[in-house]
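Dropping coords_3.cif in here (mmCIF, C-alpha atoms and all ligand atoms):
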data_input
loop_
_atom_site.label_atom_id
_atom_site.label_comp_id
_atom_site.auth_asym_id
_atom_site.auth_seq_id
_atom_site.Cartn_x
_atom_site.Cartn_y
_atom_site.Cartn_z
CA MET A 1 7.44 -0.20 -27.40
CA ARG A 2 5.28 -2.95 -28.87
CA LYS A 3 1.57 -2.51 -28.29
CA GLY A 4 0.48 -4.71 -25.43
CA ALA A 5 4.06 -5.02 -24.20
CA ALA A 6 5.26 -4.60 -20.65
CA MET A 7 7.38 -1.58 -19.80
CA ALA A 8 11.01 -1.96 -20.79
CA MET A 9 13.73 -2.25 -18.19
CA THR A 10 16.00 0.78 -18.65
CA ASP A 11 19.67 0.32 -19.57
CA ALA A 12 20.64 1.78 -16.20
CA GLN A 13 18.43 -0.72 -14.38
CA LEU A 14 19.80 -3.65 -16.39
CA GLU A 15 23.39 -2.58 -15.73
CA THR A 16 22.70 -2.18 -12.00
CA ILE A 17 21.09 -5.62 -11.83
CA LYS A 18 23.99 -7.24 -13.70
CA ALA A 19 26.50 -5.57 -11.41
CA GLN A 20 24.57 -6.80 -8.35
CA PHE A 21 24.34 -10.30 -9.73
CA ALA A 22 28.12 -10.50 -10.24
CA THR A 23 28.58 -10.70 -6.45
CA LEU A 24 25.11 -11.60 -5.14
CA LYS A 25 25.80 -15.24 -4.34
CA GLU A 26 29.03 -14.35 -2.50
CA ARG A 27 27.25 -11.74 -0.38
CA SER A 28 24.00 -13.57 0.24
CA ALA A 29 23.76 -17.11 1.53
CA PHE A 30 20.02 -16.79 1.00
CA TYR A 31 20.34 -16.19 -2.75
CA ALA A 32 23.28 -18.60 -3.11
CA LYS A 33 20.86 -21.28 -1.99
CA LYS A 34 17.82 -19.99 -3.84
CA PHE A 35 19.67 -19.57 -7.14
CA ALA A 36 21.95 -22.63 -6.64
CA ASP A 37 21.01 -24.02 -10.05
CA ILE A 38 21.15 -20.70 -11.88
CA ASP A 39 24.25 -19.03 -13.31
CA LEU A 40 23.44 -15.35 -12.76
CA SER A 41 26.00 -14.27 -15.38
CA ASP A 42 23.59 -15.73 -17.94
CA VAL A 43 21.11 -12.95 -17.12
CA ARG A 44 21.84 -10.43 -19.88
CA THR A 45 18.41 -9.14 -20.91
CA GLN A 46 14.99 -8.28 -19.49
CA GLU A 47 13.70 -11.58 -20.92
CA ASP A 48 16.43 -13.52 -19.06
CA PHE A 49 15.55 -11.64 -15.88
CA GLN A 50 11.85 -12.49 -16.23
CA LYS A 51 12.71 -16.19 -16.10
CA LEU A 52 14.16 -15.92 -12.58
CA PRO A 53 12.04 -17.43 -9.81
CA PHE A 54 10.10 -15.09 -7.52
CA THR A 55 10.97 -14.41 -3.90
CA ASP A 56 7.94 -14.72 -1.64
CA LYS A 57 7.25 -13.68 1.92
CA SER A 58 7.41 -17.31 2.99
CA ASP A 59 11.07 -17.44 1.80
CA LEU A 60 11.84 -14.49 4.06
CA ARG A 61 9.97 -16.05 6.95
CA ASP A 62 12.01 -19.24 6.55
CA ALA A 63 15.17 -17.12 6.78
CA TYR A 64 14.17 -15.81 10.27
CA PRO A 65 15.87 -14.14 12.04
CA LEU A 66 18.78 -12.79 9.94
CA GLY A 67 19.15 -15.34 7.17
CA ILE A 68 18.28 -12.75 4.54
CA ALA A 69 21.27 -10.52 5.45
CA ALA A 70 23.72 -9.95 2.60
CA VAL A 71 26.26 -8.07 4.75
CA PRO A 72 28.27 -9.03 7.86
CA PRO A 73 26.30 -8.35 11.09
CA GLU A 74 28.55 -5.41 12.05
CA GLN A 75 27.32 -3.48 9.00
CA ILE A 76 23.69 -3.76 10.08
CA VAL A 77 22.61 -0.54 11.81
CA ARG A 78 18.93 -1.35 12.25
CA ILE A 79 16.31 -3.99 11.70
CA HIS A 80 12.60 -3.71 10.97
CA SER A 81 10.01 -6.41 11.07
CA SER A 82 6.81 -6.95 9.17
CA SER A 83 3.84 -8.21 11.07
CA GLY A 84 3.41 -11.91 10.71
CA THR A 85 -0.25 -12.85 10.57
CA THR A 86 0.86 -16.48 10.44
CA GLY A 87 3.32 -16.69 13.31
CA THR A 88 6.98 -16.13 12.43
CA PRO A 89 7.64 -12.50 11.48
CA VAL A 90 9.99 -11.34 8.74
CA ILE A 91 13.11 -9.43 9.81
CA ILE A 92 14.72 -7.01 7.37
CA PRO A 93 18.26 -5.74 8.16
CA TYR A 94 19.32 -2.25 7.02
CA THR A 95 22.84 -0.87 6.51
CA ARG A 96 23.66 2.80 7.03
CA LYS A 97 23.30 3.33 3.26
CA ASP A 98 19.89 1.59 3.24
CA VAL A 99 18.61 3.96 5.94
CA GLU A 100 19.97 6.97 4.03
CA ASP A 101 18.51 5.74 0.75
CA TRP A 102 15.14 5.30 2.40
CA ALA A 103 15.29 8.89 3.74
CA ILE A 104 16.23 10.21 0.28
CA GLN A 105 13.26 8.42 -1.28
CA PHE A 106 10.87 9.55 1.43
CA ALA A 107 12.00 13.18 1.16
CA ARG A 108 11.42 12.92 -2.60
CA CYS A 109 7.88 11.71 -1.84
CA TYR A 110 7.19 14.80 0.25
CA GLU A 111 8.61 17.00 -2.50
CA TYR A 112 6.40 15.40 -5.15
CA ALA A 113 3.44 16.15 -2.89
CA GLY A 114 4.45 19.82 -2.74
CA ILE A 115 5.55 19.62 0.89
CA THR A 116 8.41 21.98 1.81
CA PRO A 117 10.85 22.61 4.67
CA SER A 118 8.39 25.13 6.11
CA ASP A 119 5.74 22.45 6.64
CA ARG A 120 4.93 20.87 10.01
CA ILE A 121 4.40 17.17 9.56
CA HIS A 122 2.07 15.45 12.03
CA ILE A 123 2.96 11.75 12.03
CA THR A 124 0.36 9.34 13.43
CA PRO A 125 1.55 5.92 12.16
CA GLY A 126 3.25 3.82 14.86
CA TYR A 127 6.95 3.83 15.69
CA GLY A 128 8.81 0.65 16.46
CA LEU A 129 9.51 -2.62 14.76
CA TRP A 130 7.41 -1.81 11.78
CA THR A 131 8.53 0.77 9.28
CA ALA A 132 5.68 3.25 9.17
CA GLY A 133 6.23 6.10 11.66
CA ILE A 134 10.01 6.14 11.49
CA GLY A 135 9.93 6.37 7.68
CA PHE A 136 7.69 9.44 7.76
CA GLN A 137 10.08 10.89 10.37
CA LEU A 138 13.27 10.19 8.35
CA GLY A 139 11.78 11.80 5.27
CA ALA A 140 10.62 14.89 7.17
CA GLU A 141 14.04 15.42 8.75
CA ARG A 142 15.84 14.85 5.45
CA LEU A 143 13.54 17.40 3.81
CA GLY A 144 14.11 19.84 6.65
CA ALA A 145 10.47 20.09 7.72
CA MET A 146 9.32 20.01 11.34
CA ALA A 147 8.41 16.46 12.32
CA ILE A 148 5.77 16.01 15.02
CA PRO A 149 6.19 12.35 16.01
CA MET A 150 2.79 11.63 17.55
CA GLY A 151 2.42 7.94 16.83
CA PRO A 152 -1.07 6.46 16.99
CA GLY A 153 -3.88 6.90 19.50
CA ASN A 154 -5.00 9.48 22.05
CA THR A 155 -7.25 11.54 19.83
CA ASP A 156 -7.53 14.36 22.39
CA LYS A 157 -3.79 14.87 22.41
CA GLN A 158 -3.57 14.54 18.61
CA LEU A 159 -6.08 17.34 18.12
CA GLN A 160 -4.52 19.52 20.83
CA MET A 161 -1.03 19.26 19.30
CA MET A 162 -2.45 19.69 15.80
CA GLN A 163 -3.94 23.04 16.87
CA ASP A 164 -1.13 24.27 19.14
CA LEU A 165 1.70 23.38 16.75
CA GLU A 166 -0.31 24.35 13.67
CA SER A 167 0.39 21.07 11.85
CA THR A 168 0.14 21.53 8.08
CA VAL A 169 0.57 17.93 6.92
CA LEU A 170 -1.21 14.89 8.35
CA CYS A 171 0.36 11.45 7.85
CA ALA A 172 -2.05 8.63 8.68
CA THR A 173 -3.84 5.54 7.50
CA SER A 174 -7.06 6.33 5.69
CA SER A 175 -9.25 5.04 8.51
CA TYR A 176 -7.39 7.05 11.14
CA ALA A 177 -7.54 10.18 8.96
CA LEU A 178 -11.29 9.63 8.70
CA LEU A 179 -11.61 9.21 12.45
CA LEU A 180 -9.72 12.48 13.04
CA ALA A 181 -11.80 14.25 10.38
CA GLU A 182 -15.02 13.11 12.05
CA GLU A 183 -13.74 14.15 15.46
CA ILE A 184 -12.74 17.62 14.18
CA ALA A 185 -16.22 18.08 12.69
CA LYS A 186 -17.91 16.85 15.87
CA ARG A 187 -15.93 19.25 18.09
CA GLY A 188 -16.42 22.18 15.72
CA ILE A 189 -12.69 23.03 15.70
CA LYS A 190 -12.12 23.02 11.94
CA ASP A 191 -11.24 26.73 11.95
CA ASN A 192 -8.31 26.03 14.29
CA ILE A 193 -6.86 23.33 12.04
CA LYS A 194 -4.13 24.45 9.62
CA LEU A 195 -3.74 21.21 7.66
CA ARG A 196 -3.22 21.61 3.91
CA LYS A 197 -2.04 18.15 2.84
CA GLY A 198 -2.64 14.57 3.88
CA VAL A 199 -0.18 11.76 3.14
CA ILE A 200 -1.96 8.47 3.43
CA GLY A 201 -0.18 5.14 3.73
CA SER A 202 -1.04 3.08 0.71
CA GLU A 203 -4.01 0.96 1.39
CA ARG A 204 -6.95 0.17 -0.75
CA TRP A 205 -9.53 2.87 -0.11
CA GLY A 206 -12.51 4.05 -2.08
CA ASP A 207 -12.97 7.42 -3.78
CA LYS A 208 -15.89 8.11 -1.49
CA MET A 209 -13.72 7.83 1.61
CA ARG A 210 -11.03 9.94 -0.09
CA ALA A 211 -13.56 12.65 -0.86
CA ARG A 212 -14.88 12.64 2.71
CA ILE A 213 -11.42 12.98 4.25
CA ALA A 214 -10.37 15.66 1.77
CA ASP A 215 -13.59 17.64 2.33
CA GLU A 216 -13.81 17.38 6.08
CA LEU A 217 -10.13 18.15 6.68
CA GLY A 218 -9.88 20.61 3.79
CA VAL A 219 -6.68 18.96 2.50
CA GLU A 220 -5.15 17.61 -0.71
CA LEU A 221 -4.50 13.90 -0.35
CA TYR A 222 -1.48 11.89 -1.49
CA ASP A 223 -1.04 8.12 -1.48
CA ILE A 224 2.37 6.90 -0.49
CA TYR A 225 3.46 3.39 -1.41
CA GLY A 226 5.88 0.94 0.15
CA LEU A 227 6.29 -2.13 2.29
CA THR A 228 8.65 -3.18 5.05
CA GLU A 229 10.39 -5.80 2.92
CA VAL A 230 11.40 -3.05 0.44
CA TYR A 231 12.55 -0.17 2.73
CA GLY A 232 9.05 0.68 4.00
CA PRO A 233 6.62 3.40 2.91
CA GLY A 234 8.27 5.92 0.61
CA ILE A 235 9.24 4.07 -2.57
CA GLY A 236 6.58 5.99 -4.48
CA ILE A 237 3.82 8.59 -4.24
CA ASN A 238 1.39 10.33 -6.53
CA CYS A 239 2.46 13.73 -7.82
CA GLN A 240 0.46 16.95 -7.89
CA ALA A 241 -0.65 16.29 -11.48
CA ASP A 242 -2.38 12.94 -11.09
CA SER A 243 -3.57 10.25 -8.71
CA ALA A 244 -1.28 7.52 -10.09
CA MET A 245 1.83 6.86 -7.96
CA HIS A 246 5.34 7.32 -9.37
CA ILE A 247 7.66 4.50 -8.26
CA TRP A 248 11.34 5.45 -7.86
CA SER A 249 13.03 3.65 -10.75
CA ASP A 250 16.54 4.33 -9.42
CA TYR A 251 15.77 2.26 -6.29
CA VAL A 252 13.35 -0.45 -7.43
CA TYR A 253 12.60 -2.31 -10.63
CA LEU A 254 8.85 -2.71 -11.03
CA GLU A 255 6.97 -5.57 -12.72
CA ILE A 256 3.26 -6.41 -12.80
CA ILE A 257 2.49 -10.11 -13.10
CA ASP A 258 -0.56 -12.30 -13.47
CA PRO A 259 -0.86 -13.71 -9.91
CA ASP A 260 -2.01 -17.09 -11.23
CA THR A 261 0.49 -17.73 -14.04
CA GLY A 262 3.42 -15.57 -12.87
CA GLU A 263 3.72 -14.07 -16.39
CA VAL A 264 4.48 -10.36 -16.75
CA VAL A 265 1.35 -8.62 -18.06
CA PRO A 266 1.17 -5.79 -20.63
CA ASP A 267 1.14 -2.23 -19.28
CA GLY A 268 -2.31 -1.09 -18.23
CA GLN A 269 -3.46 -4.58 -17.24
CA GLU A 270 -4.19 -5.33 -13.59
CA GLY A 271 -1.96 -7.74 -11.73
CA GLU A 272 0.35 -8.19 -8.78
CA ILE A 273 3.24 -5.81 -8.08
CA VAL A 274 6.67 -7.50 -8.08
CA LEU A 275 9.69 -5.48 -6.94
CA THR A 276 13.44 -5.90 -7.28
CA THR A 277 15.68 -3.69 -5.19
CA LEU A 278 18.47 -1.95 -7.10
CA GLN A 279 20.49 -0.39 -4.27
CA LYS A 280 19.74 -2.33 -1.14
CA GLU A 281 22.72 -3.76 0.76
CA GLY A 282 21.26 -5.31 3.91
CA ALA A 283 18.53 -7.35 2.31
CA PRO A 284 18.51 -7.18 -1.49
CA LEU A 285 15.34 -8.68 -2.95
CA ILE A 286 15.00 -10.16 -6.40
CA ARG A 287 11.50 -10.35 -7.91
CA PHE A 288 9.72 -10.02 -4.56
CA ARG A 289 5.99 -10.75 -4.76
CA THR A 290 4.19 -8.01 -2.83
CA HIS A 291 0.68 -9.49 -3.32
CA ASP A 292 -0.50 -5.89 -3.82
CA LEU A 293 -2.73 -5.54 -6.86
CA SER A 294 -2.43 -2.59 -9.22
CA ARG A 295 -1.55 -1.79 -12.82
CA ILE A 296 1.01 0.32 -14.62
CA VAL A 297 -0.56 3.54 -15.81
CA PRO A 298 0.76 3.87 -19.37
CA GLY A 299 1.75 7.11 -21.04
CA PRO A 300 3.51 10.23 -19.79
CA CYS A 301 2.50 12.15 -16.68
CA SER A 302 1.94 15.86 -17.08
CA CYS A 303 4.33 16.52 -14.17
CA GLY A 304 7.14 15.51 -16.57
CA HIS A 305 8.83 12.99 -14.25
CA ASN A 306 8.58 10.16 -16.73
CA GLU A 307 11.75 8.49 -15.51
CA HIS A 308 9.62 7.11 -12.70
CA PRO A 309 6.84 4.80 -13.94
CA ARG A 310 3.40 5.08 -12.41
CA ILE A 311 1.06 2.58 -10.80
CA ASP A 312 -2.61 2.97 -10.02
CA ILE A 313 -3.94 3.12 -6.49
CA ILE A 314 -3.70 -0.33 -4.85
CA PHE A 315 -6.85 -2.30 -5.72
CA GLY A 316 -6.40 -4.92 -3.06
CA ARG A 317 -4.26 -7.92 -2.23
CA SER A 318 -4.05 -11.03 -4.35
CA ASP A 319 -4.54 -12.98 -1.13
CA ASP A 320 -7.64 -10.87 -0.25
CA MET A 321 -9.67 -12.23 -3.11
CA VAL A 322 -12.63 -14.27 -1.91
CA LYS A 323 -14.63 -16.78 -3.87
CA VAL A 324 -18.35 -16.67 -3.02
CA LYS A 325 -20.92 -18.78 -4.84
CA GLY A 326 -18.28 -19.50 -7.49
CA VAL A 327 -17.54 -15.80 -8.14
CA ASN A 328 -14.08 -14.25 -7.53
CA ILE A 329 -14.58 -11.01 -5.63
CA PHE A 330 -11.99 -8.32 -4.82
CA PRO A 331 -12.52 -5.69 -2.13
CA ALA A 332 -12.22 -2.96 -4.77
CA GLN A 333 -15.30 -4.32 -6.56
CA ILE A 334 -17.30 -4.22 -3.34
CA GLU A 335 -16.15 -0.64 -2.76
CA GLU A 336 -17.18 0.37 -6.24
CA ILE A 337 -20.68 -1.01 -5.76
CA ILE A 338 -21.02 0.77 -2.41
CA ARG A 339 -19.89 4.00 -4.07
CA PHE A 340 -22.65 3.68 -6.67
CA THR A 341 -25.33 2.97 -4.09
CA ASP A 342 -27.22 6.18 -3.25
CA GLY A 343 -27.34 6.75 0.49
CA ALA A 344 -24.54 4.33 1.41
CA SER A 345 -21.52 5.78 3.20
CA SER A 346 -17.96 4.59 2.50
CA GLU A 347 -17.48 2.44 5.60
CA TYR A 348 -18.33 -1.23 5.21
CA GLN A 349 -17.62 -4.69 6.51
CA VAL A 350 -18.29 -8.01 4.81
CA MET A 351 -19.02 -11.33 6.53
CA ILE A 352 -18.99 -14.55 4.57
CA ASP A 353 -20.54 -17.63 6.15
CA HIS A 354 -21.49 -21.09 5.04
CA LEU A 355 -24.95 -21.99 6.30
CA GLU A 356 -27.10 -24.95 5.40
CA GLY A 357 -24.96 -25.89 2.45
CA ARG A 358 -24.70 -22.45 0.87
CA ASP A 359 -22.47 -19.37 1.00
CA ILE A 360 -24.01 -16.25 2.52
CA MET A 361 -22.27 -12.90 2.09
CA THR A 362 -23.53 -10.10 4.33
CA VAL A 363 -22.45 -6.56 3.47
CA PHE A 364 -22.72 -4.21 6.46
CA PHE A 365 -22.51 -0.55 5.43
CA GLU A 366 -23.03 2.75 7.21
CA THR A 367 -25.97 4.92 6.20
CA GLU A 368 -28.19 7.71 7.50
CA ALA A 369 -31.24 6.03 5.96
CA THR A 370 -33.88 4.38 8.14
CA GLY A 371 -37.22 2.63 7.62
CA GLU A 372 -38.47 2.53 4.04
CA ASP A 373 -35.50 4.59 2.88
CA LEU A 374 -33.13 2.01 4.25
CA GLU A 375 -35.02 -0.77 2.48
CA ARG A 376 -34.64 1.11 -0.80
CA VAL A 377 -30.86 1.56 -0.28
CA GLU A 378 -30.42 -2.12 0.56
CA LYS A 379 -32.47 -3.16 -2.46
CA GLN A 380 -30.43 -0.95 -4.78
CA MET A 381 -27.16 -2.38 -3.44
CA ALA A 382 -28.36 -5.96 -3.94
CA ALA A 383 -29.37 -5.13 -7.52
CA LEU A 384 -25.96 -3.57 -8.22
CA PHE A 385 -24.17 -6.69 -6.91
CA LYS A 386 -26.38 -8.83 -9.14
CA ALA A 387 -25.70 -6.64 -12.19
CA LYS A 388 -21.95 -6.26 -11.69
CA LEU A 389 -20.87 -9.55 -10.10
CA ASN A 390 -23.81 -11.81 -10.87
CA MET A 391 -24.27 -12.74 -7.23
CA THR A 392 -26.61 -11.42 -4.57
CA PRO A 393 -25.39 -10.70 -1.04
CA VAL A 394 -27.44 -9.63 1.98
CA PRO A 395 -26.94 -5.83 2.35
CA LYS A 396 -27.48 -4.54 5.89
CA GLY A 397 -27.41 -0.82 6.63
CA VAL A 398 -26.18 0.28 10.08
CA PRO A 399 -26.05 3.81 11.61
CA LEU A 400 -23.06 6.08 10.85
CA GLY A 401 -20.14 5.40 13.21
CA ASP A 402 -21.27 1.83 14.00
CA LEU A 403 -18.48 0.00 12.18
CA PRO A 404 -15.01 -0.16 13.73
CA ARG A 405 -12.32 2.41 12.77
CA SER A 406 -8.72 1.61 13.49
CA GLU A 407 -5.31 3.22 13.49
CA LYS A 408 -3.81 0.31 11.62
CA LYS A 409 -5.03 -1.01 8.32
CA THR A 410 -8.66 -1.95 8.72
CA ARG A 411 -9.68 -5.46 7.85
CA ARG A 412 -13.03 -5.36 6.12
CA ILE A 413 -13.67 -8.86 4.82
CA PHE A 414 -14.17 -11.71 7.24
CA ASP A 415 -14.41 -15.16 5.76
CA ASN A 416 -15.91 -17.40 8.44
CA ARG A 417 -16.31 -20.45 6.24
CA TYR A 418 -13.08 -22.29 6.97
ZN ZN B 501 3.47 12.90 -12.23
#
Can you give me the file's structure in the form of structure tokens?
Ligand code: ZN
Amino acid sequence: MRKGAAMAMTDAQLETIKAQFATLKERSAFYAKKFADIDLSDVRTQEDFQKLPFTDKSDLRDAYPLGIAAVPPEQIVRIHSSSGTTGTPVIIPYTRKDVEDWAIQFARCYEYAGITPSDRIHITPGYGLWTAGIGFQLGAERLGAMAIPMGPGNTDKQLQMMQDLESTVLCATSSYALLLAEEIAKRGIKDNIKLRKGVIGSERWGDKMRARIADELGVELYDIYGLTEVYGPGIGINCQADSAMHIWSDYVYLEIIDPDTGEVVPDGQEGEIVLTTLQKEGAPLIRFRTHDLSRIVPGPCSCGHNEHPRIDIIFGRSDDMVKVKGVNIFPAQIEEIIRFTDGASSEYQVMIDHLEGRDIMTVFFETEATGEDLERVEKQMAALFKAKLNMTPVPKGVPLGDLPRSEKKTRRIFDNRY
């Protein structure tokens, strides 16, 4: 591989893509229209492939309800839907094979995390239109473990079942795992908890939060990756050797692009994850822009599974970037600064306002500090922002537990300017 080059598409991936392309326009009215001016038989190399236009969430939204389907309706056994923050949701149809493939991938995730058929998997993500809970369930059943399908909410019942059924694996969002960890500590029931692993739905979360959850629950943590448009959670997970997530190369082709130019970036460089499905029947996706930011982690993994490339933990979303006082800021940068501030806890919330002609960014963070101590913590945080991002926000410490926790992904940046 050339230095500074992007990872090569494997021969198997190229052959699979070419085979798909031979019939794609016949199967999919969506792609027949999208690629109307493109002869897909001209796509013979990775370079050719990289010239194809991206598929974006807005394309899928425009195809509502079932315009994305590439099979006759009688072959669809299930649909899922991704939450639409802007009105029309996206509907993804699944064939029987798609559901099975998803289960195979999810079971592989559990295996990479060292989870076995003798584990008891406590599943707190929601069941229903979105893919979370049911994916964790499918994988557990495929693996042969005991699934405990809790769904979200009702902390009392969660903790009761966790003790009575001796759950060994907790599946949750990071903020819900933290809430449960805090509750277990508060009730003094840690000795009754048998958890040994946590599988956390991919979400940008700081090392500080990770350390707190791992410590308080006494578990090893794994990040699972995925999105409803591409099966759901379960298309990749970190292994026991490292924190980077392996992405299943037999099911998806992975690219990292510069979100501004759309060019594929060299391995190691940060950018937006773009995925192409290799096996999907119901809703095949070609060069789907996830808007998740990460990077390919170059080099071999000591677990030896180098057939599956690795990505770093998700840094944020390309549409989460905010521009304040002319500076582009990503949530991950804010988290890093909070992590380096002595006395600041991992929970935070950012408010951006426009007052009297200027941008004001207020960073609320949880801390035990009060009085002069608190002033010192706030001062240090402001200085770190100045040093790292060349802008100064207004840091405001609040007592531990003051900021909202949620069972779904927690929104932390609120831009009130527009
Ligand atoms: Zn590995």
Exercise for the section: Write out as a list in words the residues lying within 10 Å of Gln269 of chain A, counting only C-alpha atoms and excluding same-chain residues fewer than 4 positions away. Expected result: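 Contacts, with the query itself left out: Gly4, Ala6, Ile256, Ile257, Asp258, Val264, Val265, Ser294, Arg295, Ile296, Val297 and Pro298 of chain A.
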Writer output for current selection, C-alpha atoms, as an mmCIF file, in the coordinates of the input:
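See out-v5.cif below for the written result:
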data_model
loop_
_atom_site.group_PDB
_atom_site.id
_atom_site.type_symbol
_atom_site.label_atom_id
_atom_site.label_comp_id
_atom_site.auth_asym_id
_atom_site.auth_seq_id
_atom_site.Cartn_x
_atom_site.Cartn_y
_atom_site.Cartn_z
ATOM 1 C CA GLY A 4 0.480 -4.710 -25.430
ATOM 2 C CA ALA A 6 5.260 -4.600 -20.650
ATOM 3 C CA ILE A 256 3.260 -6.410 -12.800
ATOM 4 C CA ILE A 257 2.490 -10.110 -13.100
ATOM 5 C CA ASP A 258 -0.560 -12.300 -13.470
ATOM 6 C CA VAL A 264 4.480 -10.360 -16.750
ATOM 7 C CA VAL A 265 1.350 -8.620 -18.060
ATOM 8 C CA SER A 294 -2.430 -2.590 -9.220
ATOM 9 C CA ARG A 295 -1.550 -1.790 -12.820
ATOM 10 C CA ILE A 296 1.010 0.320 -14.620
ATOM 11 C CA VAL A 297 -0.560 3.540 -15.810
ATOM 12 C CA PRO A 298 0.760 3.870 -19.370
#
What do you get as a short mmCIF file (atom, residue, chain, number, x, y, z; two decimals) with C-alpha atoms, in the coordinates of the input if you pick all residues at most 7 Å from ligand ZN 501 (chain B), counting all atoms listed in the file?
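Saved to result_6.cif:
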data_model
loop_
_atom_site.label_atom_id
_atom_site.label_comp_id
_atom_site.auth_asym_id
_atom_site.auth_seq_id
_atom_site.Cartn_x
_atom_site.Cartn_y
_atom_site.Cartn_z
CA ASN A 238 1.39 10.33 -6.53
CA CYS A 239 2.46 13.73 -7.82
CA GLN A 240 0.46 16.95 -7.89
CA ALA A 241 -0.65 16.29 -11.48
CA ASP A 242 -2.38 12.94 -11.09
CA HIS A 246 5.34 7.32 -9.37
CA CYS A 301 2.50 12.15 -16.68
CA SER A 302 1.94 15.86 -17.08
CA CYS A 303 4.33 16.52 -14.17
CA GLY A 304 7.14 15.51 -16.57
CA HIS A 305 8.83 12.99 -14.25
#
Exercise for the section: Would you list the contacts of Gln158 of chain A as a list of chain:residue names, taking every protein, DNA or RNA residue within 9 Å and counting only C-alpha atoms, but skipping same-chain residues closer than 5 positions in sequence? Expected result: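 These residues fall inside the cut-off: A:His122, A:Thr124, A:Met150, A:Pro152, A:Gly153, A:Gln163, A:Leu180.
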Expected file contents, prior selection, C-alpha atoms, as a compact mmCIF listing (two decimals), in the coordinates of the input:
# COMPACT_ATOMS: atom_id res chain seq x y z
CA HIS A 122 2.07 15.45 12.03
CA THR A 124 0.36 9.34 13.43
CA MET A 150 2.79 11.63 17.55
CA PRO A 152 -1.07 6.46 16.99
CA GLY A 153 -3.88 6.90 19.50
CA GLN A 163 -3.94 23.04 16.87
CA LEU A 180 -9.72 12.48 13.04
Practice task
Pick out the closest residue to Glu47 of chain A from this set: A:Ile213, A:Ala8, A:Ile313, A:Ile337. Count only C-alpha atoms.
Solution key: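 Using only C-alpha atoms, the shortest distance to Glu47 of chain A belongs to A:Ala8.
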Handout entry: Given all atoms listed in the file as the counted atoms, nearest of A:Asp267, A:Asp207, A:Asp119, A:Glu216 to Ala177 of chain A
Key =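 Smallest separation from Ala177 of chain A among the options: A:Glu216.
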Practice task
Would you mind telling me which residue in A:Ala344, A:Leu66, A:Leu227, A:Leu179 lies nearest to Trp130 of chain A when using only C-alpha atoms?
Solution key: A:Leu227
Practice task
Find the residues around Ala283 of chain A up to 12 Å (only C-alpha atoms counted), leave out those fewer than 3 positions away in its own chain, and share them as a ChimeraX atom specification.
Solution key: /A:24,27-31,60,63,66-73,75-76,78-80,90-95,97-99,228-231,276-280,286,288
Just the residues within 10 Å of Arg358 of chain A, please, counting only C-alpha atoms, with nothing from its chain fewer than 3 positions along; format it as an mmCIF file with C-alpha atoms, in the frame of the given file.
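Once everything was written out, this is result-v9.cif:
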data_model
loop_
_atom_site.group_PDB
_atom_site.id
_atom_site.type_symbol
_atom_site.label_atom_id
_atom_site.label_comp_id
_atom_site.auth_asym_id
_atom_site.auth_seq_id
_atom_site.Cartn_x
_atom_site.Cartn_y
_atom_site.Cartn_z
ATOM 1 C CA VAL A 324 -18.350 -16.670 -3.020
ATOM 2 C CA LYS A 325 -20.920 -18.780 -4.840
ATOM 3 C CA ASP A 353 -20.540 -17.630 6.150
ATOM 4 C CA HIS A 354 -21.490 -21.090 5.040
ATOM 5 C CA LEU A 355 -24.950 -21.990 6.300
ATOM 6 C CA MET A 361 -22.270 -12.900 2.090
#
Exercise for the section: Between A:Gly128, A:Arg405, A:Lys396, A:Met381, single out the one closest to Thr173 of chain A, counting all atoms listed in the file. Expected result: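 Counting all atoms listed in the file, the residue closest to Thr173 of chain A is A:Arg405.
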Exercise for the section: Go through A:Val377, A:Ala140, A:Gly397, A:Arg339 and flag the residue nearest Ala211 of chain A, using all atoms listed in the file for the distances. Expected result: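 Using all atoms listed in the file, Ala211 of chain A sits closest to A:Arg339.
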Once 3 Å is added on each side, what are the centre and the three edge lengths, in Å to one decimal, of the axis-aligned box enclosing the listed atoms of segment 352-361 of chain A? Present them as AutoDock Vina command-line options.
--center_x -23.0 --center_y -19.4 --center_z 3.6 --size_x 14.1 --size_y 19.0 --size_z 11.4
Exercise for the section: Name all residues at most 8 Å from Gly151 of chain A (count all atoms listed in the file; drop same-chain ones fewer than 5 positions away) and give them as number ranges by chain. Expected result: A: 123-127, 133
Completion exercise
In terms of all atoms listed in the file, the residue from A:Thr370, A:Gln160, A:Ser81, A:Asn416 at minimal distance from Ile189 of chain A is A:Gln160
Exercise for the section: Go ahead and compute the interatomic distance for atom CA of Thr261 of chain A and atom CA of Arg412 of chain A, in Å to one decimal. Expected result: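 Rounded to one decimal, the two atoms are 27.2 Å apart.
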